[in-house]
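**Student:** I am sharing model34.tsv, which consists of TSV, C-alpha atoms:
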```tsv
chain	number	residue	atom	x	y	z
A	892	MET	CA	-18.22	20.46	-4.81
A	893	MET	CA	-15.99	22.09	-7.43
A	894	ARG	CA	-13.68	19.62	-9.20
A	895	SER	CA	-11.38	21.87	-11.22
A	896	LEU	CA	-9.61	25.13	-10.42
A	897	GLN	CA	-6.98	25.21	-13.13
A	898	GLY	CA	-4.72	28.21	-12.87
A	899	ARG	CA	-5.98	29.04	-9.35
A	900	TRP	CA	-5.35	25.79	-7.44
A	901	PRO	CA	-1.94	26.67	-5.90
A	902	LEU	CA	-3.50	29.64	-4.12
A	903	VAL	CA	-6.43	27.58	-2.87
A	904	LEU	CA	-4.09	24.74	-1.88
A	905	GLY	CA	-1.92	27.07	0.18
A	906	LEU	CA	-4.95	28.53	1.92
A	907	ALA	CA	-6.39	25.09	2.64
A	908	ALA	CA	-3.07	23.85	4.05
A	909	THR	CA	-3.03	26.71	6.54
A	910	GLY	CA	-6.69	26.34	7.45
A	911	PHE	CA	-7.84	29.67	6.00
A	912	VAL	CA	-10.27	28.52	3.32
A	913	ALA	CA	-13.58	29.85	4.57
A	914	SER	CA	-16.71	27.77	4.35
A	915	CYS	CA	-20.09	29.15	3.44
A	916	GLU	CA	-22.91	28.06	5.70
A	917	GLU	CA	-20.80	25.16	7.00
A	918	GLU	CA	-20.10	23.73	3.56
A	919	ASP	CA	-16.91	21.71	3.20
A	920	PRO	CA	-13.90	23.70	1.93
A	921	VAL	CA	-13.30	23.50	-1.79
A	922	VAL	CA	-10.56	20.97	-2.53
A	923	PRO	CA	-8.85	21.43	-5.91
A	924	SER	CA	-8.52	18.70	-8.53
A	925	PRO	CA	-5.73	19.95	-10.81
A	926	PRO	CA	-4.10	18.02	-13.64
A	927	PHE	CA	-1.35	15.63	-12.54
A	928	ASP	CA	1.48	17.63	-14.10
A	929	GLU	CA	0.45	20.73	-12.14
A	930	VAL	CA	0.80	18.83	-8.86
A	931	PHE	CA	3.85	16.69	-9.60
A	932	GLN	CA	7.05	17.69	-11.34
A	933	LEU	CA	8.78	14.92	-13.30
A	934	GLU	CA	12.43	14.65	-12.25
A	935	GLU	CA	13.49	11.68	-14.37
A	936	VAL	CA	12.47	8.24	-15.58
A	937	ILE	CA	14.56	5.30	-14.37
A	938	GLU	CA	14.70	2.03	-16.26
A	939	LEU	CA	15.34	-0.84	-13.87
A	940	GLY	CA	18.10	-3.15	-15.03
A	941	ASP	CA	17.11	-6.73	-15.73
A	942	ASP	CA	19.01	-9.99	-16.07
A	943	PRO	CA	17.87	-12.09	-19.02
A	944	VAL	CA	18.86	-15.22	-17.11
A	945	ASP	CA	16.97	-14.09	-13.99
A	946	PRO	CA	14.27	-11.72	-15.29
A	947	VAL	CA	11.79	-9.73	-13.22
A	948	ALA	CA	8.32	-11.27	-13.50
A	949	THR	CA	6.56	-8.15	-12.24
A	950	VAL	CA	7.44	-5.20	-10.01
A	951	GLY	CA	6.05	-5.87	-6.54
A	952	ILE	CA	7.13	-4.10	-3.35
A	953	PHE	CA	9.30	-1.12	-4.29
A	954	LEU	CA	11.24	0.81	-1.64
A	955	GLU	CA	13.47	3.87	-1.71
A	956	ARG	CA	16.62	3.04	0.27
A	957	ARG	CA	17.80	5.33	3.06
A	958	ASP	CA	21.19	6.02	1.44
A	959	GLY	CA	20.01	6.02	-2.17
A	960	GLY	CA	18.97	3.33	-4.59
A	961	PHE	CA	16.03	0.97	-4.38
A	962	LEU	CA	14.84	-2.39	-3.09
A	963	MET	CA	12.31	-4.43	-5.00
A	964	GLY	CA	10.45	-7.63	-4.16
A	965	ASP	CA	9.25	-9.43	-7.28
A	966	GLY	CA	5.48	-9.58	-7.35
A	967	LEU	CA	5.42	-13.19	-8.59
A	968	ARG	CA	8.86	-14.73	-8.14
A	969	PRO	CA	10.63	-15.39	-4.78
A	970	ARG	CA	13.34	-12.81	-5.51
A	971	VAL	CA	14.54	-9.62	-3.84
A	972	ARG	CA	16.63	-7.20	-5.89
A	973	THR	CA	18.60	-4.07	-5.13
A	974	TYR	CA	19.27	-1.23	-7.59
A	975	SER	CA	21.42	1.87	-7.75
A	976	GLU	CA	19.85	5.34	-7.90
A	977	THR	CA	20.06	5.22	-11.69
A	978	GLY	CA	18.44	1.77	-11.93
A	979	GLU	CA	21.45	-0.53	-12.38
A	980	LEU	CA	20.81	-4.00	-10.98
A	981	GLN	CA	23.24	-4.58	-8.11
A	982	ALA	CA	22.24	-7.88	-6.55
A	983	ALA	CA	19.44	-10.44	-6.33
A	984	PHE	CA	18.57	-13.01	-3.70
A	985	GLY	CA	16.02	-15.78	-3.15
A	986	ARG	CA	14.91	-19.14	-4.43
A	987	PHE	CA	11.63	-21.02	-4.27
A	988	GLY	CA	10.99	-23.31	-1.33
A	989	ASP	CA	10.08	-23.66	2.34
A	990	GLY	CA	13.55	-24.10	3.76
A	991	PRO	CA	16.04	-21.60	5.20
A	992	TRP	CA	16.79	-18.71	2.83
A	993	GLU	CA	13.89	-19.78	0.60
A	994	PHE	CA	10.58	-18.08	-0.18
A	995	ARG	CA	7.33	-19.01	-1.84
A	996	ARG	CA	6.47	-15.37	-2.46
A	997	ILE	CA	7.67	-12.01	-1.17
A	998	ILE	CA	4.93	-10.77	1.17
A	999	GLY	CA	6.87	-8.16	3.18
A	1000	LEU	CA	10.05	-6.16	2.65
A	1001	ALA	CA	11.69	-3.50	4.83
A	1002	GLU	CA	15.05	-1.84	5.39
A	1003	THR	CA	16.67	-1.57	8.81
A	1004	PRO	CA	18.28	1.67	10.05
A	1005	ALA	CA	21.69	0.14	9.33
A	1006	GLY	CA	20.73	-0.54	5.70
A	1007	GLY	CA	20.03	-4.24	6.10
A	1008	VAL	CA	17.03	-5.94	4.52
A	1009	VAL	CA	14.19	-7.87	6.17
A	1010	VAL	CA	12.03	-10.24	4.13
A	1011	SER	CA	8.76	-11.98	4.98
A	1012	ALA	CA	7.31	-14.80	2.90
A	1013	GLY	CA	4.07	-15.06	4.88
A	1014	ASP	CA	5.33	-17.87	7.11
A	1015	ALA	CA	6.82	-18.18	10.60
A	1016	ARG	CA	10.23	-16.81	9.68
A	1017	LEU	CA	11.84	-13.44	8.96
A	1018	THR	CA	14.92	-13.49	6.74
A	1019	TYR	CA	17.54	-10.84	7.48
A	1020	LEU	CA	20.02	-9.91	4.74
A	1021	HIS	CA	22.95	-7.53	4.62
A	1022	ALA	CA	22.71	-4.37	2.53
A	1023	ASP	CA	24.17	-6.21	-0.48
A	1024	LEU	CA	21.64	-9.06	0.02
A	1025	ALA	CA	24.20	-11.46	1.47
A	1026	GLU	CA	22.76	-13.83	4.08
A	1027	ASP	CA	22.69	-12.43	7.60
A	1028	SER	CA	20.34	-14.30	9.96
A	1029	LEU	CA	16.97	-16.01	10.34
A	1030	PHE	CA	14.43	-15.09	13.00
A	1031	THR	CA	11.36	-16.89	14.34
A	1032	LEU	CA	8.99	-15.89	17.10
A	1033	ASP	CA	6.99	-18.64	18.77
A	1034	GLY	CA	3.42	-18.73	17.55
A	1035	HIS	CA	3.72	-15.90	15.04
A	1036	VAL	CA	3.18	-15.91	11.30
A	1037	PHE	CA	4.68	-12.86	9.60
A	1038	GLY	CA	2.94	-10.89	6.85
A	1039	ARG	CA	3.63	-7.43	5.45
A	1040	LEU	CA	6.44	-5.37	6.99
A	1041	VAL	CA	6.81	-1.65	7.72
A	1042	ALA	CA	10.03	0.01	8.90
A	1043	PHE	CA	9.06	2.17	11.89
A	1044	GLN	CA	11.73	4.29	13.61
A	1045	ASP	CA	14.39	1.75	14.69
A	1046	ASP	CA	11.99	-1.21	14.65
A	1047	VAL	CA	9.90	-3.30	12.30
A	1048	LEU	CA	6.12	-3.57	12.33
A	1049	PHE	CA	4.49	-6.64	10.90
A	1050	THR	CA	1.02	-7.96	10.27
A	1051	GLY	CA	0.33	-11.49	11.37
A	1052	TYR	CA	-1.06	-13.94	13.84
A	1053	THR	CA	-0.30	-13.73	17.54
A	1054	PRO	CA	0.33	-16.62	19.95
A	1055	GLU	CA	-3.18	-16.21	21.36
A	1056	ASN	CA	-4.83	-17.35	18.14
A	1057	THR	CA	-2.24	-19.72	16.68
A	1058	ALA	CA	-4.45	-22.67	17.67
A	1059	GLU	CA	-7.18	-21.23	15.44
A	1060	LEU	CA	-5.12	-21.20	12.25
A	1061	GLN	CA	-7.33	-23.88	10.77
A	1062	SER	CA	-10.24	-21.44	10.84
A	1063	LEU	CA	-10.81	-19.60	7.58
A	1064	GLY	CA	-11.96	-16.54	9.49
A	1065	VAL	CA	-9.02	-16.21	11.87
A	1066	ALA	CA	-7.36	-13.40	9.92
A	1067	ARG	CA	-10.45	-11.26	10.39
A	1068	GLN	CA	-11.15	-12.33	13.97
A	1069	GLN	CA	-7.81	-11.64	15.62
A	1070	VAL	CA	-7.46	-8.59	17.83
A	1071	GLY	CA	-4.43	-6.49	16.98
A	1072	ILE	CA	-3.05	-7.38	13.57
A	1073	PHE	CA	-0.13	-4.92	13.62
A	1074	HIS	CA	2.76	-5.79	15.91
A	1075	ARG	CA	5.87	-3.78	16.80
A	1076	LEU	CA	8.99	-5.96	16.86
A	1077	ALA	CA	12.02	-4.65	18.78
A	1078	ASP	CA	15.07	-6.63	19.86
A	1079	GLY	CA	13.31	-9.91	19.20
A	1080	GLN	CA	10.23	-9.05	21.25
A	1081	VAL	CA	6.75	-7.81	20.39
A	1082	LEU	CA	6.29	-4.50	22.22
A	1083	TRP	CA	2.59	-4.20	21.38
A	1084	SER	CA	-0.17	-5.43	19.12
A	1085	SER	CA	-2.77	-2.98	17.85
A	1086	TRP	CA	-5.51	-2.20	15.34
A	1087	THR	CA	-8.08	-4.60	13.96
A	1088	THR	CA	-9.60	-3.91	10.58
A	1089	PRO	CA	-13.15	-2.58	10.76
A	1090	ALA	CA	-13.90	-4.81	7.76
A	1091	ARG	CA	-13.35	-8.02	9.74
A	1092	ASP	CA	-17.05	-8.67	10.32
A	1093	LYS	CA	-18.18	-7.86	6.78
A	1094	PRO	CA	-18.95	-10.94	4.66
A	1095	TYR	CA	-16.51	-11.25	1.73
A	1096	TRP	CA	-14.74	-7.96	2.41
A	1097	GLY	CA	-11.51	-9.71	3.32
A	1098	ALA	CA	-11.21	-10.75	-0.32
A	1099	MET	CA	-12.43	-7.47	-1.82
A	1100	GLY	CA	-9.72	-5.15	-0.51
A	1101	SER	CA	-6.43	-5.06	1.37
A	1102	LEU	CA	-4.48	-2.94	3.86
A	1103	ALA	CA	-2.65	0.32	3.14
A	1104	THR	CA	0.12	1.39	5.53
A	1105	ALA	CA	2.81	4.03	5.90
A	1106	ALA	CA	5.07	5.29	8.69
A	1107	ALA	CA	6.45	8.78	9.24
A	1108	GLY	CA	8.08	10.29	12.30
A	1109	ASP	CA	6.38	8.86	15.37
A	1110	SER	CA	3.13	7.98	13.58
A	1111	LEU	CA	1.82	4.95	11.74
A	1112	PHE	CA	-1.02	5.29	9.23
A	1113	ILE	CA	-3.20	2.21	8.62
A	1114	MET	CA	-6.28	1.82	6.49
A	1115	ALA	CA	-8.54	-0.97	5.32
A	1116	SER	CA	-8.66	-0.04	1.65
A	1117	LEU	CA	-12.45	-0.34	1.56
A	1118	LEU	CA	-12.94	1.94	4.56
A	1119	TYR	CA	-11.21	5.24	3.87
A	1120	PRO	CA	-10.13	7.17	6.14
A	1121	ALA	CA	-6.91	5.95	7.78
A	1122	THR	CA	-6.28	5.36	11.47
A	1123	ILE	CA	-3.28	7.07	13.08
A	1124	LEU	CA	-1.30	5.10	15.69
A	1125	ASN	CA	1.44	6.59	17.85
A	1126	GLY	CA	4.69	4.87	18.79
A	1127	ALA	CA	2.98	3.05	21.66
A	1128	GLY	CA	0.34	1.57	19.39
A	1129	ASP	CA	-2.45	3.83	20.64
A	1130	SER	CA	-5.05	5.12	18.20
A	1131	ILE	CA	-4.88	8.91	18.23
A	1132	GLY	CA	-7.35	9.74	15.49
A	1133	THR	CA	-7.94	9.43	11.78
A	1134	ILE	CA	-6.84	11.25	8.64
A	1135	GLY	CA	-8.55	11.48	5.29
A	1136	GLN	CA	-11.88	12.28	3.74
A	1137	PRO	CA	-12.72	10.65	0.41
A	1138	SER	CA	-13.97	12.86	-2.38
A	1139	SER	CA	-17.62	12.89	-3.32
A	1140	SER	CA	-16.78	10.72	-6.33
A	1141	PHE	CA	-15.46	7.86	-4.16
A	1142	ARG	CA	-17.81	4.86	-4.48
A	1143	ARG	CA	-18.27	2.88	-1.28
A	1144	ILE	CA	-18.54	-0.88	-1.54
A	1145	PRO	CA	-22.09	-2.03	-0.85
A	1146	GLU	CA	-22.97	-4.27	2.06
A	1147	ILE	CA	-22.82	-7.86	0.81
A	1148	PRO	CA	-25.10	-10.30	2.64
A	1149	ALA	CA	-23.75	-13.71	3.60
A	1150	GLY	CA	-24.59	-16.26	0.92
A	1151	TYR	CA	-24.76	-13.60	-1.80
A	1152	PHE	CA	-22.60	-15.65	-4.18
A	1153	ALA	CA	-24.14	-19.02	-3.32
A	1154	PHE	CA	-26.61	-20.58	-5.74
A	1155	ARG	CA	-29.44	-22.69	-4.41
A	1156	GLU	CA	-31.01	-25.70	-6.04
A	1157	GLY	CA	-33.18	-24.67	-8.94
A	1158	GLU	CA	-31.68	-21.18	-9.16
A	1159	THR	CA	-30.12	-20.04	-12.41
A	1160	PRO	CA	-26.56	-18.79	-11.76
A	1161	ASP	CA	-25.92	-15.17	-12.64
A	1162	PRO	CA	-22.48	-15.03	-14.31
A	1163	ASN	CA	-22.41	-11.24	-14.02
A	1164	ARG	CA	-22.93	-11.03	-10.25
A	1165	MET	CA	-19.24	-10.86	-9.35
A	1166	ARG	CA	-18.37	-8.67	-12.34
A	1167	ASP	CA	-21.07	-6.15	-11.48
A	1168	LEU	CA	-19.92	-5.96	-7.86
A	1169	LEU	CA	-16.28	-5.40	-8.81
A	1170	ALA	CA	-17.30	-2.63	-11.20
A	1171	SER	CA	-19.32	-0.84	-8.52
A	1172	TYR	CA	-16.79	0.40	-5.95
A	1173	ASP	CA	-13.47	2.17	-5.40
A	1174	VAL	CA	-10.59	1.39	-3.05
A	1175	ALA	CA	-7.83	3.39	-1.39
A	1176	LEU	CA	-4.92	1.19	-2.41
A	1177	ARG	CA	-1.84	2.89	-0.98
A	1178	ILE	CA	-0.62	5.46	1.51
A	1179	ASP	CA	2.80	6.92	0.73
A	1180	VAL	CA	4.80	9.52	2.65
A	1181	LEU	CA	6.45	12.23	0.54
A	1182	ALA	CA	9.21	14.55	1.74
A	1183	ASP	CA	8.23	13.55	5.31
A	1184	ASP	CA	5.42	16.13	5.35
A	1185	TYR	CA	2.76	14.81	2.99
A	1186	LEU	CA	0.59	11.72	2.69
A	1187	VAL	CA	-0.41	10.65	-0.81
A	1188	PHE	CA	-3.39	8.30	-1.05
A	1189	THR	CA	-3.70	6.25	-4.23
A	1190	VAL	CA	-7.28	5.47	-5.20
A	1191	GLY	CA	-8.30	2.85	-7.72
A	1192	ARG	CA	-10.84	0.25	-8.67
A	1193	PRO	CA	-10.95	-3.53	-9.06
A	1194	ASP	CA	-10.55	-5.16	-12.44
A	1195	GLU	CA	-13.97	-6.70	-12.98
A	1196	THR	CA	-12.40	-9.46	-15.09
A	1197	SER	CA	-10.43	-10.78	-12.10
A	1198	LEU	CA	-11.80	-12.85	-9.23
A	1199	PRO	CA	-10.98	-13.16	-5.51
A	1200	PRO	CA	-8.66	-14.04	-3.90
A	1201	GLY	CA	-6.31	-12.84	-6.66
A	1202	LEU	CA	-7.97	-9.51	-7.42
A	1203	ARG	CA	-6.20	-7.06	-9.68
A	1204	PHE	CA	-6.61	-3.33	-9.04
A	1205	PHE	CA	-6.16	-0.39	-11.39
A	1206	HIS	CA	-4.64	2.83	-10.00
A	1207	THR	CA	-6.67	5.79	-11.20
A	1208	HIS	CA	-6.26	8.86	-8.94
A	1209	VAL	CA	-4.17	10.33	-6.15
A	1210	GLU	CA	-4.94	12.81	-3.38
A	1211	ALA	CA	-2.74	14.35	-0.72
A	1212	TYR	CA	-2.78	15.60	2.86
A	1213	ASN	CA	-0.48	17.57	5.07
A	1214	ARG	CA	0.25	14.85	7.60
A	1215	HIS	CA	0.88	17.34	10.42
A	1216	THR	CA	-2.35	19.34	10.11
A	1217	GLY	CA	-4.59	16.83	8.33
A	1218	ALA	CA	-5.50	19.42	5.69
A	1219	LYS	CA	-6.46	17.93	2.34
A	1220	LEU	CA	-4.40	19.53	-0.41
A	1221	PHE	CA	-5.98	18.06	-3.53
A	1222	GLU	CA	-8.19	15.18	-4.65
A	1223	ASP	CA	-9.27	13.25	-7.74
A	1224	VAL	CA	-5.98	13.95	-9.56
A	1225	ALA	CA	-5.89	11.48	-12.44
A	1226	LEU	CA	-2.71	9.42	-12.76
A	1227	PRO	CA	-1.01	9.02	-16.14
A	1228	GLU	CA	-3.11	6.49	-18.01
A	1229	GLY	CA	-2.19	2.88	-17.33
A	1230	SER	CA	0.38	3.71	-14.64
A	1231	LYS	CA	0.74	2.40	-11.10
A	1232	VAL	CA	2.09	4.05	-7.94
A	1233	VAL	CA	4.78	1.83	-6.40
A	1234	GLY	CA	6.42	3.93	-3.69
A	1235	GLY	CA	7.12	7.13	-1.85
A	1236	GLY	CA	9.94	8.83	0.02
A	1237	ARG	CA	11.77	11.80	-1.42
A	1238	TYR	CA	9.68	11.31	-4.56
A	1239	LEU	CA	6.49	9.64	-5.69
A	1240	TYR	CA	7.51	6.62	-7.75
A	1241	VAL	CA	5.16	5.64	-10.58
A	1242	LEU	CA	5.59	2.53	-12.71
A	1243	LEU	CA	4.67	3.71	-16.19
A	1244	ILE	CA	3.76	0.34	-17.74
A	1245	PRO	CA	3.02	-2.20	-14.99
A	1246	ASP	CA	2.56	-5.34	-17.11
A	1247	ILE	CA	5.50	-5.66	-19.46
A	1248	PRO	CA	9.21	-4.76	-19.49
A	1249	PRO	CA	11.19	-2.64	-19.73
A	1250	TRP	CA	10.33	-1.60	-16.16
A	1251	ARG	CA	10.35	2.19	-16.23
A	1252	VAL	CA	9.77	4.11	-13.00
A	1253	ALA	CA	9.06	7.86	-13.07
A	1254	LYS	CA	10.25	10.03	-10.17
A	1255	TYR	CA	7.82	12.84	-9.38
A	1256	ARG	CA	8.38	15.68	-6.94
A	1257	LEU	CA	5.31	17.03	-5.18
A	1258	VAL	CA	4.83	20.73	-5.84
A	1259	PRO	CA	2.79	21.91	-2.81
A	1260	ASN	CA	2.46	25.56	-3.88
```
In structure tokens, what does this structure look like?
**Tutor:**
Amino acid sequence: MMRSLQGRWPLVLGLAATGFVASCEEEDPVVPSPPFDEVFQLEEVIELGDDPVDPVATVGIFLERRDGGFLMGDGLRPRVRTYSETGELQAAFGRFGDGPWEFRRIIGLAETPAGGVVVSAGDARLTYLHADLAEDSLFTLDGHVFGRLVAFQDDVLFTGYTPENTAELQSLGVARQQVGIFHRLADGQVLWSSWTTPARDKPYWGAMGSLATAAAGDSLFIMASLLYPATILNGAGDSIGTIGQPSSSFRRIPEIPAGYFAFREGETPDPNRMRDLLASYDVALRIDVLADDYLVFTVGRPDETSLPPGLRFFHTHVEAYNRHTGAKLFEDVALPEGSKVVGGGRYLYVLLIPDIPPWRVAKYRLVPN
């Protein structure tokens, strides 16, 4: 498959998006791999304001607000922050603990249609805040433990345990065994539970990847990061197909037999076993919706110097689809070196230096033709 069509890719992209790229003897259509700056136009770079008394440890969940500005959940500290469109720090909320209005870590963050904020700390409580991060209300649902959050139409979707398997919480495998790990919450009730990761029965895979999610219109896109493509759910939680086809350069994780990392008596431990595995595969780390019409998949690889369960992933490439037709627009587009995709919306938001302040986020506009 051709990997570069510099100077010609907009024409090919436009033809592919409308389904008119002809195949020769049933070969897959050519998908362009242009340079990043030919696909995305830089609008501006925003420097997020920081408080020296209450500094950001690392940029975690990053959301474009409906009426402008941004929400950010610290990746390490139990703090939620809100920023203006130009990056000025407006407010911060959260302290460490297990009590009301306290968090151990920000696991999920979403904005309500009215501009309020919903926070999950991976426990049995959702914390609702006003738009300015003032305390609003606390919500619990019998038997549920809340994980990541996705704003979906007028409701909130969450990952987590259901009442049917709460009694099994002592089991290490319960997160992979439960049926229906995405739940639609509306007016204090779960309307439906749907989708179970295909990786649930794979030894070790729960620690080797994560989930990628995005919502647009009446569709939800969910993917186990090790098992590209993504599943499409409709508003009723029904699976209506898949979207995505990894490029030929995408490296699938190998099957890992149970006991692979165990050492038996008399066996010499291999210190490189985990490192070699982490260096051998790629992951689809994010799905972001751009301008309501496009899905951008961020592809990366594990840092072989890190170890489960706290794996670190490097963002390396992006690819895009027309979410209405499923047509792949481009693939294997290398991100700016060392950068990290943190969000979508009207723009693709890319954190230029993920590890140290100042926290500078570039706004890129997708140029589809």
**Student:** In terms of the shortest atom-to-atom distance over only C-alpha atoms, which of A:Ile1244, A:Leu1202, A:Leu1239, A:Ala1253 is closest to A:Val930?
**Tutor:** A:Leu1239
**Student:** Taking only C-alpha atoms into account, name the residue in A:Tyr1151, A:Phe1043, A:Phe1037, A:Phe1188 that is nearest to A:Tyr1119.
**Tutor:**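 Looking only at the distances to A:Tyr1119, the closest residue turns out to be A:Phe1188.
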**Student:** At what distance in Å, to one decimal, does atom CA of A:Ile1144 lie from atom CA of A:Asp1223?
**Tutor:** 18.0 Å
**Student:** Would you mind listing what lies within 6 Å of A:Phe1073 as a CSV table (one decimal) with C-alpha atoms, keeping the file's coordinate frame, with all atoms listed in the file counted and same-chain residues fewer than 5 positions away left out?
**Tutor:**
```
chain,number,residue,atom,x,y,z
A,1049,PHE,CA,4.5,-6.6,10.9
A,1050,THR,CA,1.0,-8.0,10.3
A,1084,SER,CA,-0.2,-5.4,19.1
A,1085,SER,CA,-2.8,-3.0,17.8
```
**Student:** Using all atoms listed in the file, which residues sit within 12 Å of A:Ser1138 once same-chain residues fewer than 4 positions away are excluded, as a count of residues only?
**Tutor:** 28
**Student:** Counting all atoms listed in the file, which residue out of A:Trp1083, A:Phe1154, A:Tyr1172, A:Phe927 sits closest to A:Ser1116?
**Tutor:** A:Tyr1172
**Student:** Find the residues near A:Gly1236: any atom within 10 Å, counting all atoms listed in the file, skip ones fewer than 5 places away on the same chain, and give them as a PyMOL selection string.
**Tutor:** chain A and resi 954-957+1107+1179-1183+1185+1256
**Student:** Since we have the selection now, will you write its residues out, keeping C-alpha atoms, as an mmCIF file, in the frame of the given file?
**Tutor:**
```cif
data_model
loop_
_atom_site.group_PDB
_atom_site.id
_atom_site.type_symbol
_atom_site.label_atom_id
_atom_site.label_comp_id
_atom_site.auth_asym_id
_atom_site.auth_seq_id
_atom_site.Cartn_x
_atom_site.Cartn_y
_atom_site.Cartn_z
ATOM 1 C CA LEU A 954 11.240 0.810 -1.640
ATOM 2 C CA GLU A 955 13.470 3.870 -1.710
ATOM 3 C CA ARG A 956 16.620 3.040 0.270
ATOM 4 C CA ARG A 957 17.800 5.330 3.060
ATOM 5 C CA ALA A 1107 6.450 8.780 9.240
ATOM 6 C CA ASP A 1179 2.800 6.920 0.730
ATOM 7 C CA VAL A 1180 4.800 9.520 2.650
ATOM 8 C CA LEU A 1181 6.450 12.230 0.540
ATOM 9 C CA ALA A 1182 9.210 14.550 1.740
ATOM 10 C CA ASP A 1183 8.230 13.550 5.310
ATOM 11 C CA TYR A 1185 2.760 14.810 2.990
ATOM 12 C CA ARG A 1256 8.380 15.680 -6.940
#
```
**Student:** Can you list, as a list in words, every protein, DNA or RNA residue that comes within 12 Å of A:Glu993 when you count all atoms listed in the file, leaving out same-chain residues fewer than 5 positions away?
**Tutor:**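 Counting only the stated atoms, we get Arg968, Pro969, Arg970, Val971, Phe984, Gly985, Arg986, Phe987, Gly988, Val1010, Ser1011, Ala1012, Gly1013, Asp1014, Arg1016, Leu1017, Thr1018, Tyr1019, Glu1026 and Leu1029 of chain A.
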**Student:** Take the selection from the previous step and output its residues with C-alpha atoms, as a compact mmCIF listing (two decimals), keeping the file's coordinate frame.
**Tutor:**
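Heads up, here's the output in selection30.txt:
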```txt
# COMPACT_ATOMS: atom_id res chain seq x y z
CA ARG A 968 8.86 -14.73 -8.14
CA PRO A 969 10.63 -15.39 -4.78
CA ARG A 970 13.34 -12.81 -5.51
CA VAL A 971 14.54 -9.62 -3.84
CA PHE A 984 18.57 -13.01 -3.70
CA GLY A 985 16.02 -15.78 -3.15
CA ARG A 986 14.91 -19.14 -4.43
CA PHE A 987 11.63 -21.02 -4.27
CA GLY A 988 10.99 -23.31 -1.33
CA VAL A 1010 12.03 -10.24 4.13
CA SER A 1011 8.76 -11.98 4.98
CA ALA A 1012 7.31 -14.80 2.90
CA GLY A 1013 4.07 -15.06 4.88
CA ASP A 1014 5.33 -17.87 7.11
CA ARG A 1016 10.23 -16.81 9.68
CA LEU A 1017 11.84 -13.44 8.96
CA THR A 1018 14.92 -13.49 6.74
CA TYR A 1019 17.54 -10.84 7.48
CA GLU A 1026 22.76 -13.83 4.08
CA LEU A 1029 16.97 -16.01 10.34
```
**Student:** Which residue out of A:Glu1002, A:Asp1045, A:Asp945, A:Glu938 has the minimum interatomic distance to A:Glu979 when only C-alpha atoms are used?
**Tutor:**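 Nearest to A:Glu979: A:Glu938.
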**Student:** Kindly give the distance, in Å, that separates atom CA of A:Arg1192 and atom CA of A:Glu1228, rounded to a single decimal.
**Tutor:**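 If I compute the distance from atom CA of A:Arg1192 to atom CA of A:Glu1228, I get 13.6 Å.
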**Student:** Counting only C-alpha atoms, note down every residue that has an atom within 10 Å of the point (4.1, 3.9, 19.7) (file coordinates), as a CSV table (one decimal) with C-alpha atoms, in the coordinates of the input.
**Tutor:**
```csv
chain,number,residue,atom,x,y,z
A,1043,PHE,CA,9.1,2.2,11.9
A,1044,GLN,CA,11.7,4.3,13.6
A,1075,ARG,CA,5.9,-3.8,16.8
A,1082,LEU,CA,6.3,-4.5,22.2
A,1083,TRP,CA,2.6,-4.2,21.4
A,1085,SER,CA,-2.8,-3.0,17.8
A,1109,ASP,CA,6.4,8.9,15.4
A,1110,SER,CA,3.1,8.0,13.6
A,1111,LEU,CA,1.8,5.0,11.7
A,1124,LEU,CA,-1.3,5.1,15.7
A,1125,ASN,CA,1.4,6.6,17.8
A,1126,GLY,CA,4.7,4.9,18.8
A,1127,ALA,CA,3.0,3.0,21.7
A,1128,GLY,CA,0.3,1.6,19.4
A,1129,ASP,CA,-2.4,3.8,20.6
A,1130,SER,CA,-5.0,5.1,18.2
```
**Student:** Work out how far apart atom CA of A:Asn1213 and atom CA of A:Gly1135 are and give it in Å to one decimal.
**Tutor:**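 Separating atom CA of A:Asn1213 from atom CA of A:Gly1135 is a distance of 10.1 Å.
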**Student:** For a quick check of understanding, using all atoms listed in the file, which of A:Val1252, A:Leu1226, A:Leu1242, A:Val1009 has the smallest distance to A:Glu929?
**Tutor:**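 For A:Glu929, the nearest of the given residues is A:Leu1226.
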**Student:** Go ahead and find all residues with at least one atom no further than 10 Å from (9.6, -4.8, -19.1) in the file's coordinates, using only C-alpha atoms; report them as a PyMOL selection string.
**Tutor:** chain A and resi 938-941+946-950+1244-1251
**Student:** Which residue, A:Gly1108, A:Gly1079, A:Gly1006, A:Pro1148, has the smallest gap to A:Pro1094 when you use only C-alpha atoms?
**Tutor:** A:Pro1148
